[in-house]
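Chemist: So I've got this file, my_file_16.cif, and it contains mmCIF, C-alpha atoms:
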```cif
data_input
loop_
_atom_site.label_atom_id
_atom_site.label_comp_id
_atom_site.auth_asym_id
_atom_site.auth_seq_id
_atom_site.Cartn_x
_atom_site.Cartn_y
_atom_site.Cartn_z
CA MET C 18 43.07 -20.17 5.49
CA THR C 19 46.26 -18.79 7.05
CA ILE C 20 47.88 -15.50 6.07
CA ASP C 21 51.46 -15.61 4.83
CA TRP C 22 52.67 -12.66 6.91
CA MET C 23 56.27 -13.23 5.86
CA HIS C 24 55.62 -12.43 2.21
CA PHE C 25 52.68 -10.03 2.67
CA THR C 26 53.64 -6.58 1.30
CA PRO C 27 50.55 -4.37 1.55
CA TRP C 28 52.30 -1.01 1.12
CA THR C 29 54.63 -1.73 -1.80
CA SER C 30 51.87 -3.68 -3.53
CA LEU C 31 49.44 -0.80 -3.03
CA ALA C 32 52.07 1.65 -4.32
CA GLY C 33 52.74 -0.59 -7.33
CA GLY C 34 49.01 -0.74 -7.96
CA LEU C 35 48.79 3.06 -7.90
CA LEU C 36 51.61 3.26 -10.50
CA ILE C 37 49.79 0.70 -12.64
CA GLY C 38 46.61 2.78 -12.31
CA LEU C 39 48.53 5.93 -13.23
CA ALA C 40 49.90 4.23 -16.37
CA VAL C 41 46.37 3.12 -17.28
CA ALA C 42 45.08 6.69 -16.74
CA LEU C 43 47.85 8.30 -18.81
CA PHE C 44 47.50 5.81 -21.66
CA LEU C 45 43.76 6.40 -21.76
CA LEU C 46 43.78 10.18 -21.48
CA LEU C 47 46.93 10.96 -23.52
CA ASN C 48 46.83 8.24 -26.16
CA GLY C 49 43.15 7.34 -26.06
CA ARG C 50 43.70 3.61 -25.60
CA VAL C 51 42.76 0.91 -23.13
CA LEU C 52 45.93 -0.53 -21.61
CA GLY C 53 45.61 -4.28 -22.13
CA ILE C 54 48.85 -6.19 -22.58
CA SER C 55 47.45 -9.24 -24.38
CA GLY C 56 45.67 -6.94 -26.85
CA ILE C 57 48.74 -4.77 -27.42
CA ALA C 58 51.08 -7.76 -27.88
CA GLY C 59 48.61 -10.00 -29.74
CA GLY C 60 47.65 -7.18 -32.10
CA LEU C 61 51.22 -7.22 -33.43
CA LEU C 62 50.64 -10.60 -35.04
CA ARG C 63 48.25 -9.18 -37.61
CA ALA C 64 49.03 -5.48 -37.33
CA ARG C 65 48.09 -3.36 -40.34
CA LYS C 66 50.49 -0.74 -41.62
CA GLY C 67 50.76 2.08 -39.09
CA ASP C 68 49.29 0.00 -36.26
CA ALA C 69 52.54 -1.60 -35.08
CA GLY C 70 54.63 1.40 -33.97
CA TRP C 71 52.70 2.30 -30.84
CA ARG C 72 52.54 -1.34 -29.78
CA LEU C 73 56.31 -1.77 -30.15
CA ALA C 74 57.01 1.51 -28.31
CA PHE C 75 54.87 0.40 -25.37
CA LEU C 76 56.34 -3.11 -25.23
CA ALA C 77 59.88 -1.69 -25.41
CA GLY C 78 59.03 0.33 -22.30
CA LEU C 79 57.96 -2.86 -20.50
CA LEU C 80 61.16 -4.66 -21.48
CA VAL C 81 63.51 -1.92 -20.26
CA ALA C 82 61.69 -1.52 -16.92
CA PRO C 83 64.07 -3.91 -15.08
CA ALA C 84 67.13 -1.93 -16.30
CA VAL C 85 65.63 1.36 -15.07
CA TRP C 86 64.54 -0.31 -11.82
CA ALA C 87 68.15 -1.45 -11.23
CA LEU C 88 69.25 2.21 -11.07
CA PHE C 89 67.23 2.72 -7.89
CA ARG C 90 66.59 -0.58 -6.17
CA ALA C 91 67.98 -4.10 -5.83
CA PRO C 92 66.77 -6.40 -8.63
CA VAL C 93 63.60 -8.45 -8.11
CA VAL C 94 64.54 -12.10 -7.63
CA PRO C 95 61.66 -14.10 -9.12
CA ARG C 96 60.82 -17.57 -7.85
CA PHE C 97 59.98 -19.84 -10.79
CA ASP C 98 58.34 -23.02 -9.50
CA ALA C 99 57.48 -24.30 -12.96
CA GLY C 100 59.99 -26.25 -15.06
CA TRP C 101 60.23 -25.81 -18.84
CA PRO C 102 57.42 -28.19 -19.88
CA LEU C 103 54.96 -26.47 -17.52
CA LEU C 104 56.13 -23.02 -18.69
CA VAL C 105 55.45 -23.98 -22.31
CA VAL C 106 51.98 -25.36 -21.55
CA ALA C 107 51.14 -22.35 -19.36
CA GLY C 108 52.34 -19.92 -22.04
CA LEU C 109 50.26 -21.60 -24.74
CA LEU C 110 47.14 -21.52 -22.53
CA VAL C 111 47.68 -17.88 -21.55
CA GLY C 112 48.25 -16.86 -25.17
CA TRP C 113 45.24 -18.70 -26.58
CA GLY C 114 42.98 -17.89 -23.65
CA THR C 115 43.66 -14.15 -23.55
CA ARG C 116 42.99 -13.85 -27.29
CA HIS C 117 39.82 -15.95 -27.14
CA GLY C 118 38.60 -14.08 -24.07
CA SER C 119 39.68 -10.67 -25.44
CA GLY C 120 41.87 -9.65 -22.51
CA CYS C 121 44.01 -10.47 -19.52
CA THR C 122 44.72 -9.15 -16.03
CA SER C 123 45.33 -5.61 -17.29
CA GLY C 124 42.62 -5.24 -19.94
CA HIS C 125 39.83 -6.99 -18.05
CA GLY C 126 41.10 -7.01 -14.46
CA VAL C 127 42.28 -3.40 -14.16
CA CYS C 128 40.77 -1.43 -17.05
CA GLY C 129 37.52 -3.37 -17.36
CA LEU C 130 36.72 -3.28 -13.67
CA SER C 131 37.71 0.42 -13.55
CA ARG C 132 35.05 1.22 -16.14
CA LEU C 133 32.52 -1.14 -14.55
CA SER C 134 32.25 -3.36 -17.63
CA PRO C 135 30.03 -6.40 -17.03
CA ARG C 136 32.03 -8.39 -19.61
CA SER C 137 35.26 -7.72 -17.78
CA LEU C 138 33.72 -8.58 -14.40
CA VAL C 139 32.70 -11.99 -15.78
CA ALA C 140 36.13 -12.48 -17.39
CA THR C 141 37.96 -11.51 -14.20
CA LEU C 142 35.85 -13.83 -12.05
CA ALA C 143 36.50 -16.61 -14.59
CA PHE C 144 40.29 -16.29 -14.76
CA MET C 145 40.69 -15.67 -11.03
CA GLY C 146 38.47 -18.66 -10.28
CA ALA C 147 40.39 -20.84 -12.72
CA GLY C 148 43.69 -19.60 -11.25
CA PHE C 149 42.61 -20.40 -7.67
CA ALA C 150 41.34 -23.84 -8.75
CA THR C 151 44.51 -24.67 -10.71
CA VAL C 152 46.83 -23.79 -7.84
CA PHE C 153 44.62 -25.76 -5.45
CA VAL C 154 44.83 -28.87 -7.62
CA LEU C 155 48.55 -28.45 -8.26
CA ARG C 156 49.60 -27.76 -4.66
CA HIS C 157 47.09 -29.72 -2.60
CA TRP C 158 46.07 -32.68 -4.77
CA VAL C 159 49.00 -33.44 -7.04
CA ALA C 160 51.87 -32.35 -4.84
CA MET Z 2 55.63 12.62 -29.19
CA GLN Z 3 53.05 9.81 -29.18
CA ARG Z 4 55.74 7.13 -29.55
CA LEU Z 5 57.63 8.66 -26.63
CA THR Z 6 54.59 8.71 -24.31
CA GLU Z 7 53.74 5.13 -25.26
CA PHE Z 8 57.29 4.07 -24.41
CA LEU Z 9 57.31 5.98 -21.10
CA ILE Z 10 53.87 4.68 -20.10
CA GLY Z 11 55.04 1.12 -20.85
CA LEU Z 12 58.04 1.78 -18.63
CA LEU Z 13 55.86 3.21 -15.84
CA PHE Z 14 53.52 0.23 -16.08
CA GLY Z 15 56.49 -2.16 -15.93
CA LEU Z 16 57.94 -0.41 -12.87
CA GLY Z 17 54.51 -0.57 -11.22
CA LEU Z 18 54.33 -4.33 -11.84
CA MET Z 19 57.79 -4.79 -10.34
CA LEU Z 20 57.07 -2.69 -7.24
CA ALA Z 21 53.76 -4.50 -6.80
CA GLY Z 22 55.50 -7.88 -6.79
CA MET Z 23 53.67 -9.15 -9.89
CA THR Z 24 56.89 -10.05 -11.74
CA ASP Z 25 57.69 -12.73 -9.15
CA PRO Z 26 55.67 -15.83 -10.09
CA GLY Z 27 56.18 -17.16 -6.57
CA LYS Z 28 54.32 -14.17 -5.15
CA VAL Z 29 51.47 -14.50 -7.68
CA LEU Z 30 51.09 -18.20 -6.83
CA GLY Z 31 51.14 -17.25 -3.14
CA PHE Z 32 48.08 -15.11 -3.83
CA LEU Z 33 46.34 -17.82 -5.86
CA ASP Z 34 46.95 -20.43 -3.15
CA LEU Z 35 43.92 -19.73 -0.96
CA ALA Z 36 44.12 -23.08 0.82
CA GLY Z 37 47.80 -22.76 1.69
CA SER Z 38 49.70 -19.94 3.32
CA TRP Z 39 47.91 -17.05 1.60
CA ASP Z 40 49.63 -13.81 0.54
CA PRO Z 41 46.84 -11.23 -0.02
CA SER Z 42 49.22 -8.61 -1.53
CA LEU Z 43 47.83 -8.79 -5.05
CA ALA Z 44 44.41 -7.68 -3.82
CA PHE Z 45 46.15 -4.44 -2.84
CA VAL Z 46 47.62 -4.15 -6.34
CA MET Z 47 44.16 -4.47 -7.88
CA GLY Z 48 42.68 -2.06 -5.34
CA GLY Z 49 45.32 0.60 -5.99
CA ALA Z 50 45.14 0.27 -9.78
CA ILE Z 51 41.35 0.32 -9.94
CA GLY Z 52 41.22 3.19 -7.43
CA VAL Z 53 43.09 5.37 -9.93
CA GLY Z 54 41.64 3.78 -13.09
CA PHE Z 55 38.06 4.39 -12.02
CA PHE Z 56 38.52 8.17 -12.10
CA ALA Z 57 40.45 8.04 -15.38
CA PHE Z 58 37.63 6.20 -17.14
CA ALA Z 59 35.02 8.49 -15.55
CA LEU Z 60 36.90 11.46 -17.03
CA ALA Z 61 37.43 9.71 -20.38
CA ARG Z 62 33.68 9.12 -20.76
CA ARG Z 63 33.12 12.89 -20.87
CA ARG Z 64 35.61 13.35 -23.67
CA THR Z 65 35.84 12.11 -27.24
CA GLN Z 66 39.43 13.24 -27.86
CA ALA Z 67 42.58 12.22 -26.03
CA PHE Z 68 44.86 15.01 -24.79
CA LEU Z 69 47.43 14.22 -27.48
CA GLY Z 70 44.80 14.56 -30.19
CA GLY Z 71 43.66 11.07 -31.18
CA ALA Z 72 40.21 9.63 -30.53
CA ILE Z 73 39.50 7.91 -27.22
CA GLU Z 74 38.63 4.33 -28.13
CA LEU Z 75 36.55 2.54 -25.51
CA PRO Z 76 35.22 -1.00 -25.93
CA ALA Z 77 31.52 -0.94 -26.68
CA ARG Z 78 30.45 -4.55 -26.21
CA ARG Z 79 28.37 -5.53 -23.20
CA ASP Z 80 27.27 -9.06 -24.11
CA ILE Z 81 28.55 -12.05 -22.18
CA ASP Z 82 29.39 -14.73 -24.75
CA ARG Z 83 31.00 -18.14 -24.79
CA PRO Z 84 34.46 -17.11 -26.06
CA LEU Z 85 34.74 -14.54 -23.26
CA VAL Z 86 34.12 -17.13 -20.55
CA LEU Z 87 35.97 -20.04 -22.18
CA GLY Z 88 39.00 -17.90 -23.07
CA SER Z 89 39.20 -16.41 -19.58
CA LEU Z 90 38.97 -19.84 -17.94
CA VAL Z 91 41.77 -21.18 -20.16
CA PHE Z 92 43.86 -18.09 -19.39
CA GLY Z 93 43.27 -18.60 -15.65
CA VAL Z 94 44.50 -22.20 -15.81
CA GLY Z 95 47.70 -21.08 -17.54
CA TRP Z 96 48.13 -18.27 -15.01
CA GLY Z 97 47.78 -20.75 -12.14
CA LEU Z 98 50.24 -23.22 -13.69
CA ALA Z 99 53.16 -20.80 -13.93
CA GLY Z 100 52.18 -17.67 -11.98
CA LEU Z 101 52.75 -15.48 -15.04
CA CYS Z 102 50.32 -13.30 -16.99
CA PRO Z 103 51.28 -11.35 -20.14
CA GLY Z 104 52.53 -8.05 -18.64
CA PRO Z 105 54.72 -9.43 -15.84
CA ALA Z 106 56.04 -12.14 -18.20
CA LEU Z 107 57.32 -9.46 -20.61
CA VAL Z 108 58.92 -7.48 -17.77
CA ALA Z 109 60.58 -10.62 -16.37
CA ALA Z 110 61.82 -11.37 -19.90
CA GLY Z 111 63.31 -7.87 -19.98
CA ALA Z 112 65.18 -8.77 -16.79
CA GLY Z 113 66.78 -11.64 -18.73
CA HIS Z 114 65.18 -14.69 -17.10
CA TRP Z 115 65.11 -17.58 -19.59
CA GLN Z 116 61.95 -18.96 -18.00
CA ALA Z 117 60.14 -15.75 -18.89
CA TRP Z 118 61.44 -15.78 -22.49
CA LEU Z 119 60.27 -19.37 -22.90
CA PHE Z 120 56.87 -18.47 -21.48
CA VAL Z 121 56.58 -15.39 -23.75
CA ALA Z 122 57.52 -17.45 -26.83
CA ALA Z 123 54.86 -20.04 -25.96
CA MET Z 124 52.35 -17.25 -25.25
CA LEU Z 125 52.92 -15.66 -28.67
CA ALA Z 126 52.57 -19.11 -30.26
CA GLY Z 127 49.29 -19.57 -28.41
CA MET Z 128 48.07 -16.17 -29.59
CA ALA Z 129 49.07 -16.99 -33.17
CA ALA Z 130 47.37 -20.39 -32.94
CA HIS Z 131 44.21 -18.56 -31.97
CA ASP Z 132 44.39 -15.68 -34.41
CA PHE Z 133 45.39 -17.70 -37.46
CA ALA Z 134 43.11 -20.67 -36.79
CA PRO Z 135 40.37 -21.15 -39.36
CA LEU Z 136 36.95 -20.11 -38.07
CA SER Z 137 38.39 -18.39 -35.02
CA SER Z 138 36.23 -15.86 -33.25
CA ASN Z 139 38.32 -13.21 -35.00
CA ASP Z 140 36.33 -13.86 -38.16
CA VAL Z 141 33.35 -12.43 -36.35
CA LEU Z 142 35.22 -9.90 -34.22
CA PRO Z 143 37.89 -8.15 -36.27
CA GLU Z 144 39.04 -6.03 -33.34
CA HIS Z 145 40.48 -7.21 -30.05
CA ARG Z 146 38.44 -5.44 -27.39
CA PRO Z 147 38.35 -6.27 -23.72
#
```
Would you put the structure from the file into structure tokens?
Modeler:
Amino acid sequence: MTIDWMHFTPWTSLAGGLLIGLAVALFLLLNGRVLGISGIAGGLLRARKGDAGWRLAFLAGLLVAPAVWALFRAPVVPRFDAGWPLLVVAGLLVGWGTRHGSGCTSGHGVCGLSRLSPRSLVATLAFMGAGFATVFVLRHWVA
Amino acid sequence: MQRLTEFLIGLLFGLGLMLAGMTDPGKVLGFLDLAGSWDPSLAFVMGGAIGVGFFAFALARRRTQAFLGGAIELPARRDIDRPLVLGSLVFGVGWGLAGLCPGPALVAAGAGHWQAWLFVAAMLAGMAAHDFAPLSSNDVLPEHRP
């Protein structure tokens, strides 16, 4: 293993993590909810009356984040390695998997580990392990 | 008031993801590529988020009501079942293929990248395929709880 010092950003990543943690804390203590994106977005598909508003308000906040960011800093330039067929397959797997497994990086990875949930620890180990394995196959076997 | 806090917290969460580097799939894949040139940044994201989250959940456990009035709803399940493991593995494969998970994908879509919109559309289709499938685990578990 070699460390990619050129892209390593310990301080901004730590600061971003603290903001993420703050959002989780505020959502829990003010609104009484666990901040899990796949649950918030997926719940829209079958939302009962009165259960959609808070989901849409939260997701609207996510969507306008880049516009607010642009007021203070240069835009993030994302590097998309995947072409459209891979993006579609990846999206389908992420959508199905997060619903079947009841959570994603935020719900299990951040909130679940924060409250020491054994279910979320297992889920996080599973998706991190699968992520490591997939990138290994894609970058070191196939490519 | 509740709608406003939900919106602002979504915004804060999105800004956190951007500052952390999570909305750049290249950076996420750099973290997942242990055997290549490894970028450990995302471990710092998790560390920072859990460092704050831990205290929030410790405080929430002593309360039944949220500060804006509603009930605090915490997941109650502790069993490790098949859907949890299978679903998380499938999610991890998708995450490794594109370097996007649900939150950062939505933020990147907000920035106008077509790749992110395509991914989000496929993700919602995948969620719908799960939730509307006959005999899905939702028939047993009416609520989505991490």
Chemist: Nearest residue to C:Leu142 out of Z:Leu90, Z:Ala59, Z:Ala134, Z:Met124, using all atoms listed in the file?
Modeler: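 Using all atoms listed in the file, the shortest distance to C:Leu142 belongs to Z:Leu90.
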Chemist: In Å, with one decimal, what is the gap from atom CA of C:Leu110 to atom CA of C:Ser55?
Modeler: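 Distance between the two atoms: 12.4 Å.
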Chemist: Skipping near chain neighbours, those fewer than 4 positions away, what residues fall within 9 Å of C:Gly120 using all atoms listed in the file, listed as a list in words?
Modeler: Gly53, Ile54, Ser55, Gly56, Gly114, Thr115, Arg116, Gly124, His125, Gly126, Ser137 and Ala140 of chain C; Leu85, Gly88, Ser89, His145, Arg146 and Pro147 of chain Z
Chemist: Produce a file of the selected residues containing C-alpha atoms, as a compact mmCIF listing (two decimals), in the coordinates of the input.
Modeler:
```txt
# COMPACT_ATOMS: atom_id res chain seq x y z
CA GLY C 53 45.61 -4.28 -22.13
CA ILE C 54 48.85 -6.19 -22.58
CA SER C 55 47.45 -9.24 -24.38
CA GLY C 56 45.67 -6.94 -26.85
CA GLY C 114 42.98 -17.89 -23.65
CA THR C 115 43.66 -14.15 -23.55
CA ARG C 116 42.99 -13.85 -27.29
CA GLY C 124 42.62 -5.24 -19.94
CA HIS C 125 39.83 -6.99 -18.05
CA GLY C 126 41.10 -7.01 -14.46
CA SER C 137 35.26 -7.72 -17.78
CA ALA C 140 36.13 -12.48 -17.39
CA LEU Z 85 34.74 -14.54 -23.26
CA GLY Z 88 39.00 -17.90 -23.07
CA SER Z 89 39.20 -16.41 -19.58
CA HIS Z 145 40.48 -7.21 -30.05
CA ARG Z 146 38.44 -5.44 -27.39
CA PRO Z 147 38.35 -6.27 -23.72
```
Chemist: Kindly resolve the PyMOL selection byres ((chain Z and resi 41-50) around 7) on the present coordinates and return the residues as a VMD selection string.
Modeler: (chain C and resid 25 to 27 30 to 31 33 to 35 37 to 38 127) or (chain Z and resid 21 32 39 to 40 51 to 54)
Chemist: Mind writing the picked residues with C-alpha atoms as a compact mmCIF listing (two decimals), in the coordinates of the input?
Modeler:
```txt
# COMPACT_ATOMS: atom_id res chain seq x y z
CA PHE C 25 52.68 -10.03 2.67
CA THR C 26 53.64 -6.58 1.30
CA PRO C 27 50.55 -4.37 1.55
CA SER C 30 51.87 -3.68 -3.53
CA LEU C 31 49.44 -0.80 -3.03
CA GLY C 33 52.74 -0.59 -7.33
CA GLY C 34 49.01 -0.74 -7.96
CA LEU C 35 48.79 3.06 -7.90
CA ILE C 37 49.79 0.70 -12.64
CA GLY C 38 46.61 2.78 -12.31
CA VAL C 127 42.28 -3.40 -14.16
CA ALA Z 21 53.76 -4.50 -6.80
CA PHE Z 32 48.08 -15.11 -3.83
CA TRP Z 39 47.91 -17.05 1.60
CA ASP Z 40 49.63 -13.81 0.54
CA ILE Z 51 41.35 0.32 -9.94
CA GLY Z 52 41.22 3.19 -7.43
CA VAL Z 53 43.09 5.37 -9.93
CA GLY Z 54 41.64 3.78 -13.09
```
Chemist: Excluding same-chain residues fewer than 2 positions from Z:Lys28, what lies within 8 Å of it counting only C-alpha atoms, as a short mmCIF file (atom, residue, chain, number, x, y, z; two decimals) with C-alpha atoms, in the coordinates of the input?
Modeler:
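After the write, selection-v3.cif holds the following:
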```cif
data_model
loop_
_atom_site.label_atom_id
_atom_site.label_comp_id
_atom_site.auth_asym_id
_atom_site.auth_seq_id
_atom_site.Cartn_x
_atom_site.Cartn_y
_atom_site.Cartn_z
CA HIS C 24 55.62 -12.43 2.21
CA ARG C 96 60.82 -17.57 -7.85
CA GLY Z 22 55.50 -7.88 -6.79
CA MET Z 23 53.67 -9.15 -9.89
CA ASP Z 25 57.69 -12.73 -9.15
CA PRO Z 26 55.67 -15.83 -10.09
CA LEU Z 30 51.09 -18.20 -6.83
CA GLY Z 31 51.14 -17.25 -3.14
CA PHE Z 32 48.08 -15.11 -3.83
CA ASP Z 40 49.63 -13.81 0.54
CA GLY Z 100 52.18 -17.67 -11.98
#
```
Chemist: Report, in Å with one decimal, the straight-line distance from atom CA of Z:Val86 to atom CA of C:Thr141.
Modeler: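 Between these atoms lies a distance of 9.3 Å.
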Chemist: How many Å lie between atom CA of C:Ala74 and atom CA of C:Thr122, rounded to one decimal?
Modeler: 20.4 Å
Chemist: Could you list, as a ChimeraX atom specification, every residue within 12 Å of C:Val105, counting only C-alpha atoms and ignoring same-chain residues fewer than 5 positions away?
Modeler: /C:99-100,110-112 /Z:95-96,98-99,101,115-127
Chemist: Please determine, counting all atoms listed in the file, which residue among Z:Thr6, Z:Leu33, Z:Leu16, Z:Pro135 has the shortest atom-to-atom distance to Z:Val94.
Modeler: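 The closest residue to Z:Val94 is Z:Leu33.
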Chemist: Check the smallest atom-to-atom distance from each of Z:Leu60, Z:Ala77, Z:Met128, Z:Ala106 to chain C using all atoms listed in the file, then report the winner.
Modeler: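 With all atoms listed in the file as the atom set, the closest residue is Z:Met128.
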Chemist: Can you turn the PyMOL selection byres ((chain Z and resi 70-76) around 9) into a concrete residue list for this file, as JSON, numbers by chain?
Modeler: {"C": [45, 46, 47, 48, 49, 50, 51], "Z": [61, 62, 64, 65, 66, 67, 68, 69, 77, 78, 79, 146, 147]}
Chemist: Evaluate the PyMOL selection byres ((chain C and resi 153-160) around 7) against this structure - the residues, as a list in words, please.
Modeler: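 Checking the PyMOL selection byres ((chain C and resi 153-160) around 7) against this file, the residues are Phe149, Ala150, Thr151 and Val152 of chain C; Asp34 and Ala36 of chain Z.
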Chemist: So that I can see what lies close to stretch 64-69 of chain C, please list as a list in words the residues with an atom at most 12 Å from it, counting only C-alpha atoms and leaving out residues fewer than 3 positions away in the same chain.
Modeler: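 Near stretch 64-69 of chain C, the qualifying residues are Gly56, Ile57, Ala58, Gly59, Gly60, Leu61, Arg72, Leu73, Ala74, Phe75 and Leu76 of chain C; Arg4, Glu7, Asp132, Pro143, Glu144 and His145 of chain Z.
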Chemist: Measuring atom to atom with all atoms listed in the file, identify which of Z:Phe133, Z:Phe56, Z:Ala110, Z:Pro105 is nearest to C:Ser123.
Modeler: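 Between Z:Phe133, Z:Phe56, Z:Ala110, Z:Pro105, the residue approaching C:Ser123 most closely is Z:Pro105.
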Chemist: Restricting the calculation to only C-alpha atoms: of Z:Met2, Z:Thr24, Z:Gly97, Z:Val91, which residue gets closest to Z:His114?
Modeler: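 The answer is Z:Thr24, which sits nearest to Z:His114.
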Chemist: Restricting the calculation to only C-alpha atoms: of C:Trp28, C:Pro102, C:Ile20, C:Ala91, which residue gets closest to chain Z?
Modeler: C:Ile20
Chemist: Could I see stretch 24-49 of chain Z restored to N, CA and C atoms, set down as an mmCIF file, in the coordinates of the input?
Modeler:
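Written out: rebuild.cif:
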```cif
data_model
loop_
_atom_site.group_PDB
_atom_site.id
_atom_site.type_symbol
_atom_site.label_atom_id
_atom_site.label_comp_id
_atom_site.auth_asym_id
_atom_site.auth_seq_id
_atom_site.Cartn_x
_atom_site.Cartn_y
_atom_site.Cartn_z
ATOM 1 N N THR Z 24 55.930 -9.399 -10.839
ATOM 2 C CA THR Z 24 56.890 -10.050 -11.740
ATOM 3 C C THR Z 24 57.599 -11.218 -11.061
ATOM 4 N N ASP Z 25 57.187 -11.535 -9.835
ATOM 5 C CA ASP Z 25 57.690 -12.730 -9.150
ATOM 6 C C ASP Z 25 56.590 -13.782 -9.145
ATOM 7 N N PRO Z 26 56.734 -14.814 -10.000
ATOM 8 C CA PRO Z 26 55.670 -15.830 -10.090
ATOM 9 C C PRO Z 26 55.363 -16.469 -8.739
ATOM 10 N N GLY Z 27 56.387 -16.576 -7.893
ATOM 11 C CA GLY Z 27 56.180 -17.160 -6.570
ATOM 12 C C GLY Z 27 55.181 -16.353 -5.754
ATOM 13 N N LYS Z 28 55.237 -15.029 -5.902
ATOM 14 C CA LYS Z 28 54.320 -14.170 -5.150
ATOM 15 C C LYS Z 28 52.893 -14.279 -5.701
ATOM 16 N N VAL Z 29 52.787 -14.361 -7.044
ATOM 17 C CA VAL Z 29 51.470 -14.500 -7.680
ATOM 18 C C VAL Z 29 50.830 -15.821 -7.244
ATOM 19 N N LEU Z 30 51.632 -16.895 -7.240
ATOM 20 C CA LEU Z 30 51.090 -18.200 -6.830
ATOM 21 C C LEU Z 30 50.731 -18.189 -5.342
ATOM 22 N N GLY Z 31 51.473 -17.398 -4.552
ATOM 23 C CA GLY Z 31 51.140 -17.250 -3.140
ATOM 24 C C GLY Z 31 49.778 -16.614 -2.948
ATOM 25 N N PHE Z 32 49.407 -15.730 -3.874
ATOM 26 C CA PHE Z 32 48.080 -15.110 -3.830
ATOM 27 C C PHE Z 32 46.995 -16.085 -4.298
ATOM 28 N N LEU Z 33 47.342 -16.896 -5.308
ATOM 29 C CA LEU Z 33 46.340 -17.820 -5.860
ATOM 30 C C LEU Z 33 46.137 -19.051 -4.974
ATOM 31 N N ASP Z 34 47.031 -19.247 -4.006
ATOM 32 C CA ASP Z 34 46.950 -20.430 -3.150
ATOM 33 C C ASP Z 34 46.128 -20.129 -1.884
ATOM 34 N N LEU Z 35 44.828 -20.079 -2.069
ATOM 35 C CA LEU Z 35 43.920 -19.730 -0.960
ATOM 36 C C LEU Z 35 43.993 -20.739 0.175
ATOM 37 N N ALA Z 36 44.178 -22.021 -0.182
ATOM 38 C CA ALA Z 36 44.120 -23.080 0.820
ATOM 39 C C ALA Z 36 45.452 -23.253 1.548
ATOM 40 N N GLY Z 37 46.496 -22.630 1.042
ATOM 41 C CA GLY Z 37 47.800 -22.760 1.690
ATOM 42 C C GLY Z 37 48.073 -21.567 2.581
ATOM 43 N N SER Z 38 49.320 -21.132 2.576
ATOM 44 C CA SER Z 38 49.700 -19.940 3.320
ATOM 45 C C SER Z 38 49.495 -18.756 2.380
ATOM 46 N N TRP Z 39 48.399 -18.005 2.599
ATOM 47 C CA TRP Z 39 47.910 -17.050 1.600
ATOM 48 C C TRP Z 39 48.558 -15.680 1.730
ATOM 49 N N ASP Z 40 49.052 -15.159 0.593
ATOM 50 C CA ASP Z 40 49.630 -13.810 0.540
ATOM 51 C C ASP Z 40 48.636 -12.887 -0.169
ATOM 52 N N PRO Z 41 47.893 -12.046 0.586
ATOM 53 C CA PRO Z 41 46.840 -11.230 -0.020
ATOM 54 C C PRO Z 41 47.345 -9.995 -0.778
ATOM 55 N N SER Z 42 48.668 -9.846 -0.948
ATOM 56 C CA SER Z 42 49.220 -8.610 -1.530
ATOM 57 C C SER Z 42 48.565 -8.197 -2.852
ATOM 58 N N LEU Z 43 48.310 -9.170 -3.719
ATOM 59 C CA LEU Z 43 47.830 -8.790 -5.050
ATOM 60 C C LEU Z 43 46.446 -8.149 -5.019
ATOM 61 N N ALA Z 44 45.692 -8.382 -3.962
ATOM 62 C CA ALA Z 44 44.410 -7.680 -3.820
ATOM 63 C C ALA Z 44 44.671 -6.182 -3.646
ATOM 64 N N PHE Z 45 45.792 -5.846 -3.008
ATOM 65 C CA PHE Z 45 46.150 -4.440 -2.840
ATOM 66 C C PHE Z 45 46.594 -3.820 -4.155
ATOM 67 N N VAL Z 46 47.231 -4.640 -5.010
ATOM 68 C CA VAL Z 46 47.620 -4.150 -6.340
ATOM 69 C C VAL Z 46 46.366 -3.781 -7.124
ATOM 70 N N MET Z 47 45.402 -4.709 -7.145
ATOM 71 C CA MET Z 47 44.160 -4.470 -7.880
ATOM 72 C C MET Z 47 43.428 -3.255 -7.317
ATOM 73 N N GLY Z 48 43.372 -3.180 -5.985
ATOM 74 C CA GLY Z 48 42.680 -2.060 -5.340
ATOM 75 C C GLY Z 48 43.305 -0.725 -5.715
ATOM 76 N N GLY Z 49 44.635 -0.646 -5.653
ATOM 77 C CA GLY Z 49 45.320 0.600 -5.990
ATOM 78 C C GLY Z 49 45.130 0.975 -7.449
#
```
